[in-house]
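Working notes for the structure below.
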Amino acid sequence: MDSGALEALAEASDLVLHLAVAVLPGSFVHRGRILLKIDDNPDAATLAGITKAVVIGDRRSFDDDPCFGIIVLSEVASRGLSAAINDPGTPITSSARKCGC
């Protein structure tokens, strides 16, 4: 979500937008999942702007999803650990929790 664009649209249209906190970048969303709520009825141009500010795709990217980059880095780093001594899943899980993934 482009929060800057959403904020500008809300201010220009005098709307209050409520973002769904549980939907972080990289989250799986299905049809019907609430991503944000609007307190009023915006016009078609404002709705188009809101839709443009929300990116939904079939792949995660480093640019749009910073947690994805941290997860990939931790997976690479975990391969350098000795499997006989260290659990490779632990660094991945701990770094993912720290970034909110």
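In the structure tokens, each chain is lettered A, B, ... as it comes, each chain's residues begin at 1, and ligands are numbered from 1 in order of appearance.
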**Request:** Write out as number ranges by chain the residues lying within 12 Å of Leu17 of chain A, counting only C-alpha atoms and excluding same-chain residues fewer than 4 positions away.
**Result:** A: 3, 5-11, 13, 35-42, 46-47, 50
**Request:** Mind the document's chain letters and residue numbers, and return as a ChimeraX atom specification the residues of segment 2-96 of chain A that DSSP labels helix (DSSP H, G or I).
**Result:** /A:3-13,44-53,66-78,89-96
Would you write out those residues with N, CA and C atoms, as a tab-separated table (two decimals), in the first residue's frame?
chain	number	residue	atom	x	y	z
A	3	SER	N	1.09	4.36	1.33
A	3	SER	CA	0.43	5.12	2.39
A	3	SER	C	0.45	6.62	2.13
A	4	GLY	N	1.50	7.10	1.47
A	4	GLY	CA	1.55	8.53	1.13
A	4	GLY	C	0.44	8.92	0.16
A	5	ALA	N	0.23	8.10	-0.85
A	5	ALA	CA	-0.83	8.38	-1.83
A	5	ALA	C	-2.20	8.27	-1.17
A	6	LEU	N	-2.38	7.27	-0.29
A	6	LEU	CA	-3.67	7.13	0.41
A	6	LEU	C	-3.94	8.33	1.32
A	7	GLU	N	-2.90	8.80	2.00
A	7	GLU	CA	-3.07	9.96	2.87
A	7	GLU	C	-3.43	11.20	2.06
A	8	ALA	N	-2.76	11.40	0.93
A	8	ALA	CA	-3.06	12.56	0.08
A	8	ALA	C	-4.49	12.49	-0.45
A	9	LEU	N	-4.93	11.30	-0.87
A	9	LEU	CA	-6.30	11.14	-1.36
A	9	LEU	C	-7.32	11.41	-0.25
A	10	ALA	N	-7.05	10.90	0.94
A	10	ALA	CA	-7.96	11.10	2.06
A	10	ALA	C	-8.08	12.58	2.41
A	11	GLU	N	-6.95	13.28	2.43
A	11	GLU	CA	-6.97	14.70	2.76
A	11	GLU	C	-7.68	15.51	1.67
A	12	ALA	N	-7.39	15.20	0.42
A	12	ALA	CA	-7.99	15.95	-0.69
A	12	ALA	C	-9.50	15.74	-0.77
A	13	SER	N	-9.95	14.54	-0.39
A	13	SER	CA	-11.37	14.22	-0.48
A	13	SER	C	-12.09	14.33	0.85
A	44	ALA	N	-15.87	8.42	-7.99
A	44	ALA	CA	-15.21	7.39	-8.80
A	44	ALA	C	-13.71	7.67	-8.95
A	45	ALA	N	-13.32	8.93	-9.11
A	45	ALA	CA	-11.91	9.27	-9.28
A	45	ALA	C	-11.12	8.94	-8.01
A	46	THR	N	-11.69	9.22	-6.85
A	46	THR	CA	-11.02	8.92	-5.59
A	46	THR	C	-10.90	7.41	-5.40
A	47	LEU	N	-11.96	6.67	-5.72
A	47	LEU	CA	-11.90	5.21	-5.63
A	47	LEU	C	-10.82	4.64	-6.56
A	48	ALA	N	-10.71	5.21	-7.76
A	48	ALA	CA	-9.68	4.76	-8.70
A	48	ALA	C	-8.29	5.04	-8.13
A	49	GLY	N	-8.11	6.17	-7.47
A	49	GLY	CA	-6.83	6.49	-6.85
A	49	GLY	C	-6.49	5.56	-5.71
A	50	ILE	N	-7.49	5.22	-4.91
A	50	ILE	CA	-7.29	4.29	-3.80
A	50	ILE	C	-6.91	2.92	-4.35
A	51	THR	N	-7.59	2.47	-5.37
A	51	THR	CA	-7.29	1.17	-5.99
A	51	THR	C	-5.87	1.15	-6.53
A	52	LYS	N	-5.44	2.26	-7.14
A	52	LYS	CA	-4.10	2.35	-7.70
A	52	LYS	C	-3.03	2.33	-6.60
A	53	ALA	N	-3.37	2.81	-5.41
A	53	ALA	CA	-2.41	2.87	-4.31
A	53	ALA	C	-2.20	1.52	-3.62
A	66	PRO	N	9.71	-5.12	2.22
A	66	PRO	CA	11.02	-5.20	2.86
A	66	PRO	C	11.23	-6.46	3.69
A	67	CYS	N	10.18	-6.99	4.29
A	67	CYS	CA	10.32	-8.23	5.08
A	67	CYS	C	10.77	-9.39	4.21
A	68	PHE	N	10.34	-9.39	2.96
A	68	PHE	CA	10.73	-10.46	2.04
A	68	PHE	C	12.25	-10.48	1.89
A	69	GLY	N	12.87	-9.31	1.77
A	69	GLY	CA	14.32	-9.24	1.66
A	69	GLY	C	15.01	-9.80	2.89
A	70	ILE	N	14.48	-9.48	4.06
A	70	ILE	CA	15.07	-9.99	5.30
A	70	ILE	C	14.93	-11.50	5.38
A	71	ILE	N	13.79	-12.02	4.97
A	71	ILE	CA	13.59	-13.48	4.98
A	71	ILE	C	14.56	-14.17	4.03
A	72	VAL	N	14.74	-13.61	2.83
A	72	VAL	CA	15.66	-14.21	1.86
A	72	VAL	C	17.09	-14.17	2.40
A	73	LEU	N	17.50	-13.04	2.98
A	73	LEU	CA	18.85	-12.94	3.55
A	73	LEU	C	19.05	-13.96	4.67
A	74	SER	N	18.04	-14.13	5.53
A	74	SER	CA	18.18	-15.08	6.63
A	74	SER	C	18.22	-16.52	6.11
A	75	GLU	N	17.53	-16.81	5.02
A	75	GLU	CA	17.60	-18.15	4.44
A	75	GLU	C	19.00	-18.42	3.89
A	76	VAL	N	19.59	-17.43	3.23
A	76	VAL	CA	20.95	-17.58	2.71
A	76	VAL	C	21.92	-17.75	3.87
A	77	ALA	N	21.79	-16.93	4.92
A	77	ALA	CA	22.69	-17.01	6.07
A	77	ALA	C	22.55	-18.35	6.79
A	78	SER	N	21.33	-18.88	6.85
A	78	SER	CA	21.12	-20.14	7.56
A	78	SER	C	21.81	-21.30	6.86
A	89	GLY	N	16.16	-23.22	10.95
A	89	GLY	CA	14.87	-22.55	10.99
A	89	GLY	C	14.79	-21.45	12.03
A	90	THR	N	15.61	-21.54	13.07
A	90	THR	CA	15.57	-20.56	14.15
A	90	THR	C	15.92	-19.15	13.69
A	91	PRO	N	17.03	-18.93	12.95
A	91	PRO	CA	17.31	-17.55	12.53
A	91	PRO	C	16.26	-16.99	11.58
A	92	ILE	N	15.69	-17.84	10.76
A	92	ILE	CA	14.65	-17.38	9.84
A	92	ILE	C	13.43	-16.94	10.62
A	93	THR	N	13.00	-17.75	11.57
A	93	THR	CA	11.82	-17.43	12.36
A	93	THR	C	12.04	-16.19	13.21
A	94	SER	N	13.20	-16.08	13.84
A	94	SER	CA	13.44	-14.93	14.72
A	94	SER	C	13.54	-13.64	13.93
A	95	SER	N	14.18	-13.65	12.77
A	95	SER	CA	14.29	-12.42	11.98
A	95	SER	C	12.94	-12.05	11.39
A	96	ALA	N	12.15	-13.03	11.03
A	96	ALA	CA	10.81	-12.74	10.48
A	96	ALA	C	9.92	-12.12	11.55
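Minimum atom-to-atom distances from A:Leu81, A:Gly32, A:His18, A:Leu24 to Asp64 of chain A were compared using only C-alpha atoms, and the lowest value belongs to A:Leu24.
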